[in-house]
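**Student:** This is the structure, below, for whatever I ask next.
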Amino acid sequence: MIIEGKPYSDEEILSALHPLVREWFLSKYSEFTPPQRYAIVEAFKGNNVLITSPTGSGKTLAAFLAAISMLIERAEKGELEDRVYVVYVSPLKALNNDIKKNLEEPLSEIYDIAESKGVKLQKIRVAVRTGDTDASEKQKQMRKPPHILITTPETLAIVLCSPKFSKSLSEVKYLIVDEIHAIAENKRGVHLSLSIERLQRVQKGKMVRIGLSATISPLDEVARFLVGYDYGVERDCIVADVTFEKPMDIKVVSPINDFFSATAEEISDKLYDLLAEYVKKSKTTLIFTNTRSATERVVYHLKKRLKDIPIKAHHSSLSKEVRLEVENELKSGSLKCVVSSTSLELGIDIGYIDLVILLGSPKSINRALQRIGRSGHRLHEVSVGRIVVVDQDDLVECTVLAREARERRLDRVKIPRKCLDVLCQHVVGMAIEKVWSVDEALALIRNAYPYRDLTKEEFISVLRYLSGTFSELERKRVYAKIWFDEEEGVFGRRGKMIRPIYYLNTGTIPDEVAVKVITKDGRRVGKVEEEFAENLVAGDIFVLAGKTFRFLKAKGMSIIVEEVEGEKPTVPSWFSEQLPLSYDLAGRIRKFRGWMEKSLEKLSREEIIETLMEKFEIERNAANAIYRYFMEQKLFSEIPTDEKLVVEKYEGEKNYYFFHTLVGRRANSAIARVFAYRAGLIKNCNVQMGVNDNGFALILPPNRRLSDAEIESLFMLPNFEDHLRRALDRTEILRRRFRHVAVRSLMVLKNYMGREKSVWRQQLSSDSILNFLKRYYPDFPVLRETYREIMEDAMNIEDAIDYLSRVGREIELVIVRTPYPSPFAFNMYLLGEQDVVLMEDRRKVLRELHEKVMGVIQNAAN
């Protein structure tokens, strides 16, 4: 059962603490913070707790105080044994080292108080164990296990199988999972949920679970993810929601008044002048961009403007040493400004920041709050955030986002379900521990929230694969990892080599590498990111190093292309790095569009601008820009809203069909692929597509046009999933995601006997297995999981179907013909043109389109 938490008084908390811990606390702090009021007493009572509160509100101490108090009590009685009592798991290695430091300081201060009183305490040991921990430190931990173990999800899965170290894990009193929001919606979280249930199985007593999170929703589901089930019965969890405590000042600003007439140079100058002004006025500024390339660009331009001010970049492509140096300089206050992609979103301690700037939309309310929460680090200080926009769609999106963020209406997280590749890994890990009956293992696996609905058939299919039932796979060098007696219903590990194979190949993060781009005559052009390559379909055109190339096919870790001149790109080069808009926020923007459409019918221009300024807390020039944008769309075409889906036909040299679905890029991607597949069947031609958060464009050759009836037929819901699978069959995303899943399923080993297998060789092996399975075993668990991952996690088929099911019922379908792309379609039209080498070209196309649209509107008015 999920129970809403309640705050306890300082007296109640202090009376629960050990006298030495109590004295230490009072010597350092005047009172408990909100998360501490909610969590400490509950942890003492042995209740599971999920704490969600802003950065800098004392969450970590809230989680650890009961544990420290329990350890001090045992240390005083001389009852501390050589075993682990507290396990702390965080997704960030950098955070782990911070936590160790932050624990050692209070412990040494408590020991000083004890010494001054003549109280003798046993030594409490704290140790970090991750993939970076060296062999001598691991040996030391084996001989003398730490009382507090600080680790990552991957290392926890490994130590559970360590014959010696795992013996010290049978009396864990507290399990603390930090930054739970960062892993709940991906496979690392699914992996961790199974490890926690395996850890629970070996406990002699109760293990209290404490989850720590910044902004997340729905809390009930995240709590269930944390605590799971006790053989069919939902475990209890207290939810301590103290996010409302922190005051926030969030505003949307734009450096320009008119998005259409400004040149790229003007926009760039005004943007960097505005950023430089903010940096000068603040003590420490943290600027978030949405891509690594943008991070480098912003640093370059700011350094030119602020020559004497220290400014640095922080993103995941930089080396660990460089990142650490930036973090330490931030903490010490010697850096005045840091520009980051997403790498500083999580709770690494980076000292005091008084302003956070988000450059462009963060695409999710939770992410906006998480980033802005990094400023005003102390609890009662205001977190100040400015969202800077330079594009009309961004302005609308951020205006709605900022209001939702101020009112704390969060996006829902989606927890992946029944990931069969992660399950394969854990089944091998479990088989190393002991011999299992199928029913016992299945019951344990179902205790983990993501696997609560796993069927026995699905589980048996995994056991059959892992035990080598499909002997033809041995020719592809896929060997059995376990033995499985189906009649008896038992399984166990096969051979001694399985343990090192498991240790060296466990984890869920795929090896990402750059993909080589080679012309068909063998000339090397350069590299693109793997995420970019996986979105390519044969015939796609993209820009690299200032030239245009057509994608022909992929081979291993290379893509084969031919150079084409004068063709417009169909895939923008920055596509892979963009964050996708959340489905919930997309729905709220559709509602805002509906409200604007009604306002345009009923209110005067000045009334609308006043209402926008008051209701959404934006400046006059931003309100004016929104008014103009919607008015032009209304006069030229139709405004798509929450009750109306507009499809625009712009037929000319090529035939463009713009679908204003506004459901976020992931759901749009699913719909666009199915519609492109269906339109291709109807017209017997190749259909290109451009997808963004607001909708998608289907592009057909000059002699192929879709009638209104044919457009309506694309919306048929039956066979949607089947058609999406077929549309994926010819794609790069299927090949590359299959490699990721095959590696996670231990089908393709990235490391064998200490020898690393290059990603190129991994891809070759997985290509050959993929072709074999598609032909002979289309329902094979590893292939099934690949389709599930693409359709559910990468593409969000559930929300795509939810939206389509309402078209024709709650949502009216309106098809209009336009002489040019409408203002709302500009960005979809420009998807292909996004970098016809220069941003300036894009602005030029935008200006010309806008002038044509205004010409049509003025002619109609005359």
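Chain labels A, B, ... are given in the sequence in which chains occur in the structure tokens; within each chain residues are numbered consecutively from 1, and ligands are likewise numbered from 1 in the order shown.
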Would you kindly return, as an mmCIF file with N, CA and C atoms, in the first residue's frame, each protein, DNA or RNA residue with an atom no farther than 9 Å from any atom of Arg408 in chain A, considering only C-alpha atoms and excluding same-chain residues fewer than 6 positions away?

**Tutor:**
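Wrote around.cif, looks like this:
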```
data_model
loop_
_atom_site.group_PDB
_atom_site.id
_atom_site.type_symbol
_atom_site.label_atom_id
_atom_site.label_comp_id
_atom_site.auth_asym_id
_atom_site.auth_seq_id
_atom_site.Cartn_x
_atom_site.Cartn_y
_atom_site.Cartn_z
ATOM 1 N N THR A 243 8.276 18.534 -2.428
ATOM 2 C CA THR A 243 8.744 19.370 -3.551
ATOM 3 C C THR A 243 8.160 20.774 -3.464
ATOM 4 N N PHE A 244 7.001 20.900 -2.818
ATOM 5 C CA PHE A 244 6.309 22.189 -2.805
ATOM 6 C C PHE A 244 7.006 23.223 -1.926
ATOM 7 N N ILE A 365 8.662 19.176 -18.154
ATOM 8 C CA ILE A 365 8.477 20.010 -16.960
ATOM 9 C C ILE A 365 9.418 19.518 -15.863
ATOM 10 N N ASN A 366 9.513 18.193 -15.716
ATOM 11 C CA ASN A 366 10.384 17.628 -14.676
ATOM 12 C C ASN A 366 11.826 18.055 -14.896
ATOM 13 N N LEU A 369 12.368 21.730 -13.940
ATOM 14 C CA LEU A 369 12.444 21.915 -12.484
ATOM 15 C C LEU A 369 13.751 21.364 -11.919
#
```

**Student:** Which residues are close to Pro54 in chain A, i.e. within 7 Å by only C-alpha atoms, leaving aside same-chain residues fewer than 2 positions away? Reply as a list in words.

**Tutor:**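 In the requested format, the answer is Gly56, Ser57, Ala214, Thr243, Lys246 and Gly373 of chain A.
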
**Student:** Could those residues be written to a file, using all heavy atoms, as a CSV table (one decimal), in the first residue's frame?

**Tutor:**
```csv
chain,number,residue,atom,x,y,z
A,56,GLY,N,19.5,20.2,-2.6
A,56,GLY,CA,20.0,21.0,-1.5
A,56,GLY,C,19.0,21.1,-0.3
A,56,GLY,O,19.1,22.0,0.5
A,57,SER,N,18.1,20.2,-0.3
A,57,SER,CA,17.1,20.3,0.9
A,57,SER,C,17.4,19.2,2.0
A,57,SER,O,16.6,19.0,2.8
A,57,SER,CB,15.7,20.1,0.3
A,57,SER,OG,15.6,18.8,-0.4
A,214,ALA,N,14.6,13.9,-7.1
A,214,ALA,CA,14.2,15.3,-7.3
A,214,ALA,C,12.8,15.2,-7.9
A,214,ALA,O,12.1,14.2,-7.6
A,214,ALA,CB,15.2,16.0,-8.2
A,243,THR,N,8.3,18.5,-2.4
A,243,THR,CA,8.7,19.4,-3.6
A,243,THR,C,8.2,20.8,-3.5
A,243,THR,O,8.7,21.7,-4.0
A,243,THR,CB,8.3,18.8,-4.9
A,243,THR,OG1,7.0,18.4,-4.8
A,243,THR,CG2,9.2,17.6,-5.3
A,246,LYS,N,10.0,24.5,-2.0
A,246,LYS,CA,11.1,25.4,-2.5
A,246,LYS,C,10.5,26.5,-3.4
A,246,LYS,O,9.8,26.2,-4.4
A,246,LYS,CB,12.1,24.6,-3.3
A,246,LYS,CG,13.3,25.4,-3.7
A,246,LYS,CD,14.6,24.6,-3.5
A,246,LYS,CE,15.8,25.3,-4.0
A,246,LYS,NZ,16.4,26.2,-3.1
A,373,GLY,N,16.3,23.8,-10.3
A,373,GLY,CA,16.5,23.5,-8.9
A,373,GLY,C,18.0,23.5,-8.5
A,373,GLY,O,18.3,23.5,-7.3
```

**Student:** Write out as a list in words which residues come within 6 Å of range 9-19 of chain A when counting only C-alpha atoms, dropping same-chain ones fewer than 2 positions away.

**Tutor:** Val21, Arg22, Val41 and Ser69 of chain A

**Student:** Go through A:Phe551, A:Tyr174, A:Trp483, A:Phe780 one by one, measure the shortest atom-to-atom distance of each to Tyr88 in chain A using only C-alpha atoms, and give the residue with the smallest value.

**Tutor:** A:Tyr174

**Student:** Could you make a table, as CSV, of the residues of range 569-650 of chain A that have an atom within 10 Å of an atom of range 665-680 of chain A, each with its nearest atom pair and distance in Å to one decimal, counting only C-alpha atoms, in chain and number order?

**Tutor:**
```
residue,atom,partner,partner_atom,distance
A:Gln578,CA,A:Arg665,CA,9.7
A:Leu579,CA,A:Arg665,CA,8.8
A:Pro580,CA,A:Arg665,CA,5.5
A:Leu581,CA,A:Arg665,CA,6.3
A:Ser582,CA,A:Arg665,CA,8.3
A:Tyr583,CA,A:Ala667,CA,7.7
A:Ala586,CA,A:Arg665,CA,9.7
```

**Student:** Export N, CA and C atoms of the chosen residues as a PDB file, in the first residue's frame?

**Tutor:**
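Done, and the output landed in selection-v7.pdb:
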```
ATOM      1  N   GLN A 578      18.787  15.831 -30.029  1.00  0.00           N
ATOM      2  CA  GLN A 578      17.666  16.575 -29.492  1.00  0.00           C
ATOM      3  C   GLN A 578      16.895  15.770 -28.447  1.00  0.00           C
ATOM      4  N   LEU A 579      16.463  16.439 -27.376  1.00  0.00           N
ATOM      5  CA  LEU A 579      15.630  15.780 -26.368  1.00  0.00           C
ATOM      6  C   LEU A 579      14.198  15.744 -26.903  1.00  0.00           C
ATOM      7  N   PRO A 580      13.457  14.662 -26.651  1.00  0.00           N
ATOM      8  CA  PRO A 580      12.074  14.615 -27.143  1.00  0.00           C
ATOM      9  C   PRO A 580      11.099  15.276 -26.168  1.00  0.00           C
ATOM     10  N   LEU A 581      10.088  15.934 -26.702  1.00  0.00           N
ATOM     11  CA  LEU A 581       9.040  16.567 -25.889  1.00  0.00           C
ATOM     12  C   LEU A 581       8.200  15.479 -25.229  1.00  0.00           C
ATOM     13  N   SER A 582       7.854  15.680 -23.954  1.00  0.00           N
ATOM     14  CA  SER A 582       7.046  14.656 -23.270  1.00  0.00           C
ATOM     15  C   SER A 582       5.598  14.703 -23.774  1.00  0.00           C
ATOM     16  N   TYR A 583       4.933  13.555 -23.758  1.00  0.00           N
ATOM     17  CA  TYR A 583       3.562  13.442 -24.268  1.00  0.00           C
ATOM     18  C   TYR A 583       2.600  14.310 -23.440  1.00  0.00           C
ATOM     19  N   ALA A 586       3.055  17.937 -24.339  1.00  0.00           N
ATOM     20  CA  ALA A 586       2.499  18.137 -25.687  1.00  0.00           C
ATOM     21  C   ALA A 586       0.986  18.348 -25.591  1.00  0.00           C
TER      22      ALA A 586
END
```

**Student:** If you run DSSP on the backbone, which residues of range 466-548 of chain A are strand (DSSP E or B), as a PyMOL selection string?

**Tutor:** chain A and resi 482-485+490-493+514-519+524-529+541-544+547-548

**Student:** Would you save the residues from that selection as an mmCIF file, in the first residue's frame, using N, CA and C atoms?

**Tutor:**
```
data_model
loop_
_atom_site.group_PDB
_atom_site.id
_atom_site.type_symbol
_atom_site.label_atom_id
_atom_site.label_comp_id
_atom_site.auth_asym_id
_atom_site.auth_seq_id
_atom_site.Cartn_x
_atom_site.Cartn_y
_atom_site.Cartn_z
ATOM 1 N N ILE A 482 23.291 -21.698 -19.381
ATOM 2 C CA ILE A 482 22.707 -22.423 -18.241
ATOM 3 C C ILE A 482 22.267 -23.803 -18.736
ATOM 4 N N TRP A 483 21.999 -24.722 -17.781
ATOM 5 C CA TRP A 483 21.302 -25.957 -18.161
ATOM 6 C C TRP A 483 19.865 -25.827 -17.664
ATOM 7 N N PHE A 484 18.937 -26.446 -18.373
ATOM 8 C CA PHE A 484 17.524 -26.314 -18.030
ATOM 9 C C PHE A 484 16.841 -27.643 -18.299
ATOM 10 N N ASP A 485 16.327 -28.240 -17.230
ATOM 11 C CA ASP A 485 15.570 -29.488 -17.358
ATOM 12 C C ASP A 485 14.090 -29.121 -17.352
ATOM 13 N N VAL A 490 13.664 -27.286 -13.512
ATOM 14 C CA VAL A 490 14.782 -26.695 -12.758
ATOM 15 C C VAL A 490 15.868 -26.211 -13.732
ATOM 16 N N PHE A 491 16.662 -25.217 -13.248
ATOM 17 C CA PHE A 491 17.787 -24.758 -14.063
ATOM 18 C C PHE A 491 18.950 -24.324 -13.161
ATOM 19 N N GLY A 492 20.147 -24.299 -13.751
ATOM 20 C CA GLY A 492 21.333 -23.873 -13.007
ATOM 21 C C GLY A 492 22.420 -23.463 -13.985
ATOM 22 N N ARG A 493 23.591 -23.100 -13.463
ATOM 23 C CA ARG A 493 24.642 -22.584 -14.355
ATOM 24 C C ARG A 493 25.338 -23.721 -15.090
ATOM 25 N N ALA A 514 31.195 6.216 -32.871
ATOM 26 C CA ALA A 514 30.913 6.939 -34.105
ATOM 27 C C ALA A 514 30.869 5.940 -35.253
ATOM 28 N N VAL A 515 30.002 6.198 -36.217
ATOM 29 C CA VAL A 515 29.856 5.324 -37.380
ATOM 30 C C VAL A 515 30.578 5.990 -38.558
ATOM 31 N N LYS A 516 31.424 5.209 -39.249
ATOM 32 C CA LYS A 516 32.174 5.776 -40.380
ATOM 33 C C LYS A 516 31.239 5.996 -41.570
ATOM 34 N N VAL A 517 31.479 7.096 -42.275
ATOM 35 C CA VAL A 517 30.717 7.379 -43.499
ATOM 36 C C VAL A 517 31.668 7.197 -44.680
ATOM 37 N N ILE A 518 31.333 6.245 -45.560
ATOM 38 C CA ILE A 518 32.230 5.898 -46.680
ATOM 39 C C ILE A 518 31.446 5.962 -47.991
ATOM 40 N N THR A 519 32.047 6.533 -49.030
ATOM 41 C CA THR A 519 31.352 6.582 -50.327
ATOM 42 C C THR A 519 31.402 5.195 -50.973
ATOM 43 N N ARG A 524 36.693 7.702 -47.605
ATOM 44 C CA ARG A 524 36.174 7.984 -46.263
ATOM 45 C C ARG A 524 35.820 9.467 -46.134
ATOM 46 N N VAL A 525 34.579 9.755 -45.702
ATOM 47 C CA VAL A 525 34.113 11.138 -45.655
ATOM 48 C C VAL A 525 34.230 11.714 -44.252
ATOM 49 N N GLY A 526 33.944 10.894 -43.225
ATOM 50 C CA GLY A 526 33.948 11.382 -41.846
ATOM 51 C C GLY A 526 33.153 10.433 -40.981
ATOM 52 N N LYS A 527 32.583 10.964 -39.882
ATOM 53 C CA LYS A 527 31.838 10.104 -38.950
ATOM 54 C C LYS A 527 30.528 10.771 -38.563
ATOM 55 N N VAL A 528 29.543 9.935 -38.217
ATOM 56 C CA VAL A 528 28.309 10.451 -37.606
ATOM 57 C C VAL A 528 28.056 9.642 -36.337
ATOM 58 N N GLU A 529 27.225 10.191 -35.436
ATOM 59 C CA GLU A 529 26.909 9.442 -34.213
ATOM 60 C C GLU A 529 26.011 8.264 -34.541
ATOM 61 N N ILE A 541 18.823 11.798 -47.348
ATOM 62 C CA ILE A 541 19.927 12.691 -47.733
ATOM 63 C C ILE A 541 20.313 13.537 -46.524
ATOM 64 N N PHE A 542 21.614 13.643 -46.255
ATOM 65 C CA PHE A 542 22.063 14.429 -45.098
ATOM 66 C C PHE A 542 23.340 15.187 -45.445
ATOM 67 N N VAL A 543 23.658 16.167 -44.581
ATOM 68 C CA VAL A 543 24.841 16.994 -44.810
ATOM 69 C C VAL A 543 25.962 16.559 -43.876
ATOM 70 N N LEU A 544 27.176 16.452 -44.407
ATOM 71 C CA LEU A 544 28.347 16.177 -43.582
ATOM 72 C C LEU A 544 29.520 16.948 -44.187
ATOM 73 N N LYS A 547 28.945 18.988 -47.361
ATOM 74 C CA LYS A 547 28.493 18.355 -48.620
ATOM 75 C C LYS A 547 27.242 17.510 -48.362
ATOM 76 N N THR A 548 26.512 17.216 -49.433
ATOM 77 C CA THR A 548 25.270 16.446 -49.297
ATOM 78 C C THR A 548 25.472 15.005 -49.763
#
```

**Student:** Using only C-alpha atoms, which protein or nucleic acid residues come within 10 Å of Val222 in chain A? Drop anything in the same chain fewer than 5 positions from it, and give the result as a list of chain:residue names.

**Tutor:**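 Once the nearby chain positions are removed, what remains is A:Leu50, A:Ile180, A:His181, A:Ala184, A:Glu185, A:Gly211, A:Ser213, A:Ile216, A:Ser217, A:Val227, A:Gly228, A:Val239, A:Arg412, A:Val413, A:Lys414, A:Ile415, A:Tyr449.
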
**Student:** Once you have the residues from the selection above, write them out as a PDB file, in the first residue's frame, restricted to C-alpha atoms.

**Tutor:**
```pdb
ATOM      1  CA  LEU A  50      10.292   7.527  -1.073  1.00  0.00           C
ATOM      2  CA  ILE A 180      15.746   7.286  -8.646  1.00  0.00           C
ATOM      3  CA  HIS A 181      14.182   9.598 -11.267  1.00  0.00           C
ATOM      4  CA  ALA A 184      13.255   4.637 -13.237  1.00  0.00           C
ATOM      5  CA  GLU A 185      12.431   5.196 -16.905  1.00  0.00           C
ATOM      6  CA  GLY A 211      14.372   6.148  -2.454  1.00  0.00           C
ATOM      7  CA  SER A 213      14.414  11.741  -6.002  1.00  0.00           C
ATOM      8  CA  ILE A 216       9.172  13.038 -10.443  1.00  0.00           C
ATOM      9  CA  SER A 217       5.595  11.888 -11.068  1.00  0.00           C
ATOM     10  CA  VAL A 227       9.489  -1.450  -3.135  1.00  0.00           C
ATOM     11  CA  GLY A 228       8.043  -4.044  -5.542  1.00  0.00           C
ATOM     12  CA  VAL A 239       5.674   8.787   0.152  1.00  0.00           C
ATOM     13  CA  ARG A 412       4.494  11.158 -15.809  1.00  0.00           C
ATOM     14  CA  VAL A 413       7.495   8.861 -16.059  1.00  0.00           C
ATOM     15  CA  LYS A 414       7.135   5.648 -18.034  1.00  0.00           C
ATOM     16  CA  ILE A 415       8.809   2.606 -16.503  1.00  0.00           C
ATOM     17  CA  TYR A 449       7.736  -4.023 -10.298  1.00  0.00           C
TER      18      TYR A 449
END
```

**Student:** Report the residues of range 396-445 of chain A whose backbone DSSP state falls under alpha helix (DSSP H), written as a VMD selection string.

**Tutor:** chain A and resid 396 to 406 420 to 433 438 to 445

**Student:** Just the residues within 8 Å of Ile501 in chain A, please, counting only C-alpha atoms, with nothing from its chain fewer than 3 positions along; format it as a PyMOL selection string.

**Tutor:** chain A and resi 497-498+504-505+749+751-753

**Student:** For the residues in that selection, give me all heavy atoms as a short mmCIF file (atom, residue, chain, number, x, y, z; two decimals), in the first residue's frame.

**Tutor:**
```cif
data_model
loop_
_atom_site.label_atom_id
_atom_site.label_comp_id
_atom_site.auth_asym_id
_atom_site.auth_seq_id
_atom_site.Cartn_x
_atom_site.Cartn_y
_atom_site.Cartn_z
N MET A 497 33.07 -21.24 -16.68
CA MET A 497 33.37 -20.00 -17.42
C MET A 497 32.25 -18.97 -17.33
O MET A 497 32.43 -17.81 -17.70
CB MET A 497 33.61 -20.32 -18.90
CG MET A 497 34.94 -20.98 -19.19
SD MET A 497 36.27 -20.14 -18.35
CE MET A 497 36.07 -18.50 -18.97
N ILE A 498 31.08 -19.42 -16.87
CA ILE A 498 29.93 -18.51 -16.90
C ILE A 498 30.12 -17.33 -15.95
O ILE A 498 29.73 -16.21 -16.26
CB ILE A 498 28.62 -19.28 -16.59
CG1 ILE A 498 28.34 -20.29 -17.69
CG2 ILE A 498 27.44 -18.33 -16.45
CD1 ILE A 498 28.39 -19.72 -19.12
N LEU A 504 31.99 -9.78 -16.77
CA LEU A 504 32.56 -8.88 -17.79
C LEU A 504 31.51 -8.31 -18.74
O LEU A 504 31.79 -7.40 -19.50
CB LEU A 504 33.63 -9.63 -18.62
CG LEU A 504 34.91 -10.00 -17.86
CD1 LEU A 504 35.76 -10.95 -18.68
CD2 LEU A 504 35.71 -8.75 -17.50
N ASN A 505 30.29 -8.87 -18.72
CA ASN A 505 29.29 -8.45 -19.70
C ASN A 505 27.99 -7.92 -19.09
O ASN A 505 27.04 -7.65 -19.81
CB ASN A 505 28.96 -9.62 -20.65
CG ASN A 505 30.14 -9.95 -21.55
OD1 ASN A 505 30.37 -9.32 -22.57
ND2 ASN A 505 30.92 -10.95 -21.14
N LEU A 749 28.88 -11.36 -26.97
CA LEU A 749 29.67 -10.96 -25.79
C LEU A 749 30.60 -9.81 -26.18
O LEU A 749 31.33 -9.90 -27.15
CB LEU A 749 30.48 -12.13 -25.26
CG LEU A 749 29.66 -13.36 -24.83
CD1 LEU A 749 30.58 -14.48 -24.36
CD2 LEU A 749 28.66 -13.00 -23.73
N ASN A 751 32.86 -8.78 -24.11
CA ASN A 751 34.16 -9.08 -23.49
C ASN A 751 34.21 -10.58 -23.18
O ASN A 751 33.37 -11.09 -22.43
CB ASN A 751 34.30 -8.26 -22.21
CG ASN A 751 35.72 -8.26 -21.69
OD1 ASN A 751 36.39 -9.29 -21.69
ND2 ASN A 751 36.18 -7.11 -21.24
N TYR A 752 35.15 -11.28 -23.77
CA TYR A 752 35.28 -12.72 -23.52
C TYR A 752 36.69 -13.00 -23.04
O TYR A 752 37.67 -12.68 -23.72
CB TYR A 752 34.96 -13.51 -24.79
CG TYR A 752 35.03 -15.01 -24.59
CD1 TYR A 752 34.11 -15.65 -23.75
CD2 TYR A 752 36.01 -15.78 -25.20
CE1 TYR A 752 34.17 -17.02 -23.53
CE2 TYR A 752 36.07 -17.15 -25.00
CZ TYR A 752 35.14 -17.77 -24.16
OH TYR A 752 35.20 -19.13 -23.93
N MET A 753 36.79 -13.59 -21.83
CA MET A 753 38.09 -13.95 -21.25
C MET A 753 39.03 -12.73 -21.22
O MET A 753 40.23 -12.82 -21.48
CB MET A 753 38.78 -15.04 -22.09
CG MET A 753 37.94 -16.25 -22.34
SD MET A 753 37.79 -17.26 -20.86
CE MET A 753 39.44 -17.90 -20.70
#
```

**Student:** Point out the residue among A:Ser745, A:Asn692, A:Asn328, A:Gln200 with the least atom-to-atom distance to Phe826 in chain A, counting only C-alpha atoms.

**Tutor:**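 Closest to Phe826 in chain A of all the choices is A:Asn692.
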
**Student:** Nearest to Ser195 in chain A: which of A:Asp220, A:Glu474, A:Glu154, A:Glu488 is it, counting only C-alpha atoms?

**Tutor:**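 Closest to Ser195 in chain A of all the choices is A:Glu154.
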
**Student:** Report as a CSV table (one decimal) with N, CA, C and O atoms, in the first residue's frame all protein, DNA and RNA residues lying within 10 Å of Asp584 in chain A, evaluated on only C-alpha atoms, omitting residues in the same chain fewer than 4 positions from it.

**Tutor:**
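Contents of out-v3.csv, as written:
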```
chain,number,residue,atom,x,y,z
A,364,SER,N,10.7,18.9,-21.1
A,364,SER,CA,9.9,18.3,-20.1
A,364,SER,C,9.8,19.2,-18.8
A,364,SER,O,10.8,19.8,-18.5
A,365,ILE,N,8.7,19.2,-18.2
A,365,ILE,CA,8.5,20.0,-17.0
A,365,ILE,C,9.4,19.5,-15.9
A,365,ILE,O,10.1,20.3,-15.2
A,409,ARG,N,2.9,21.0,-12.1
A,409,ARG,CA,2.1,19.9,-12.7
A,409,ARG,C,3.1,19.1,-13.6
A,409,ARG,O,3.5,19.6,-14.7
A,410,LEU,N,3.5,18.0,-13.1
A,410,LEU,CA,4.6,17.3,-13.7
A,410,LEU,C,4.2,16.3,-14.8
A,410,LEU,O,3.1,15.9,-14.9
A,411,ASP,N,5.2,15.9,-15.6
A,411,ASP,CA,5.1,14.8,-16.6
A,411,ASP,C,5.1,13.5,-15.8
A,411,ASP,O,5.8,13.3,-14.9
A,412,ARG,N,4.4,12.5,-16.4
A,412,ARG,CA,4.5,11.2,-15.8
A,412,ARG,C,5.7,10.4,-16.4
A,412,ARG,O,6.0,10.5,-17.6
A,413,VAL,N,6.4,9.7,-15.5
A,413,VAL,CA,7.5,8.9,-16.1
A,413,VAL,C,6.9,7.6,-16.6
A,413,VAL,O,5.8,7.1,-16.1
A,588,ARG,N,-0.7,19.6,-23.1
A,588,ARG,CA,-1.0,20.9,-22.5
A,588,ARG,C,-0.8,22.0,-23.5
A,588,ARG,O,-1.5,23.0,-23.5
A,589,ILE,N,0.2,21.8,-24.5
A,589,ILE,CA,0.4,22.8,-25.5
A,589,ILE,C,-0.8,22.8,-26.5
A,589,ILE,O,-1.2,23.8,-27.0
A,663,VAL,N,2.3,15.5,-30.5
A,663,VAL,CA,2.3,14.5,-29.4
A,663,VAL,C,3.7,14.2,-28.9
A,663,VAL,O,3.9,13.2,-28.2
A,664,GLY,N,4.7,15.0,-29.4
A,664,GLY,CA,6.1,14.7,-29.0
A,664,GLY,C,6.7,13.9,-30.0
A,664,GLY,O,6.1,13.1,-30.7
A,799,ASP,N,1.3,5.9,-26.5
A,799,ASP,CA,0.7,7.3,-26.6
A,799,ASP,C,0.2,7.6,-28.0
A,799,ASP,O,-0.7,8.3,-28.2
```

**Student:** Could you list, as number ranges by chain, every residue within 10 Å of range 322-324 of chain A, counting only C-alpha atoms and ignoring same-chain residues fewer than 6 positions away?

**Tutor:** A: 94, 312-316, 330, 343-344

**Student:** Would you save the residues of that selection, restricted to N, CA, C and O atoms, as a CSV table (one decimal), in the first residue's frame?

**Tutor:**
```
chain,number,residue,atom,x,y,z
A,94,ALA,N,30.5,9.6,-10.0
A,94,ALA,CA,31.0,10.9,-9.4
A,94,ALA,C,30.3,11.2,-8.1
A,94,ALA,O,30.8,11.7,-7.2
A,312,LYS,N,33.6,27.7,-18.6
A,312,LYS,CA,34.0,26.4,-19.1
A,312,LYS,C,32.8,25.6,-19.5
A,312,LYS,O,31.7,25.8,-19.1
A,313,ALA,N,33.1,24.5,-20.3
A,313,ALA,CA,32.0,23.6,-20.7
A,313,ALA,C,32.1,22.3,-19.9
A,313,ALA,O,33.1,22.0,-19.3
A,314,HIS,N,30.9,21.6,-19.8
A,314,HIS,CA,30.9,20.4,-19.0
A,314,HIS,C,29.9,19.5,-19.8
A,314,HIS,O,28.7,19.8,-19.9
A,315,HIS,N,30.4,18.4,-20.5
A,315,HIS,CA,29.4,17.5,-21.1
A,315,HIS,C,30.0,16.1,-21.2
A,315,HIS,O,31.2,15.9,-20.9
A,316,SER,N,29.2,15.1,-21.5
A,316,SER,CA,29.7,13.7,-21.4
A,316,SER,C,30.8,13.3,-22.3
A,316,SER,O,31.4,12.3,-22.2
A,330,LEU,N,33.8,24.9,-9.8
A,330,LEU,CA,32.5,25.4,-9.5
A,330,LEU,C,32.3,25.5,-8.0
A,330,LEU,O,31.8,26.5,-7.4
A,343,SER,N,24.8,16.9,-18.4
A,343,SER,CA,25.6,16.2,-17.5
A,343,SER,C,25.6,16.8,-16.1
A,343,SER,O,26.0,16.1,-15.1
A,344,LEU,N,25.1,18.0,-15.9
A,344,LEU,CA,25.1,18.5,-14.5
A,344,LEU,C,23.7,18.6,-14.0
A,344,LEU,O,23.4,19.2,-13.0
```
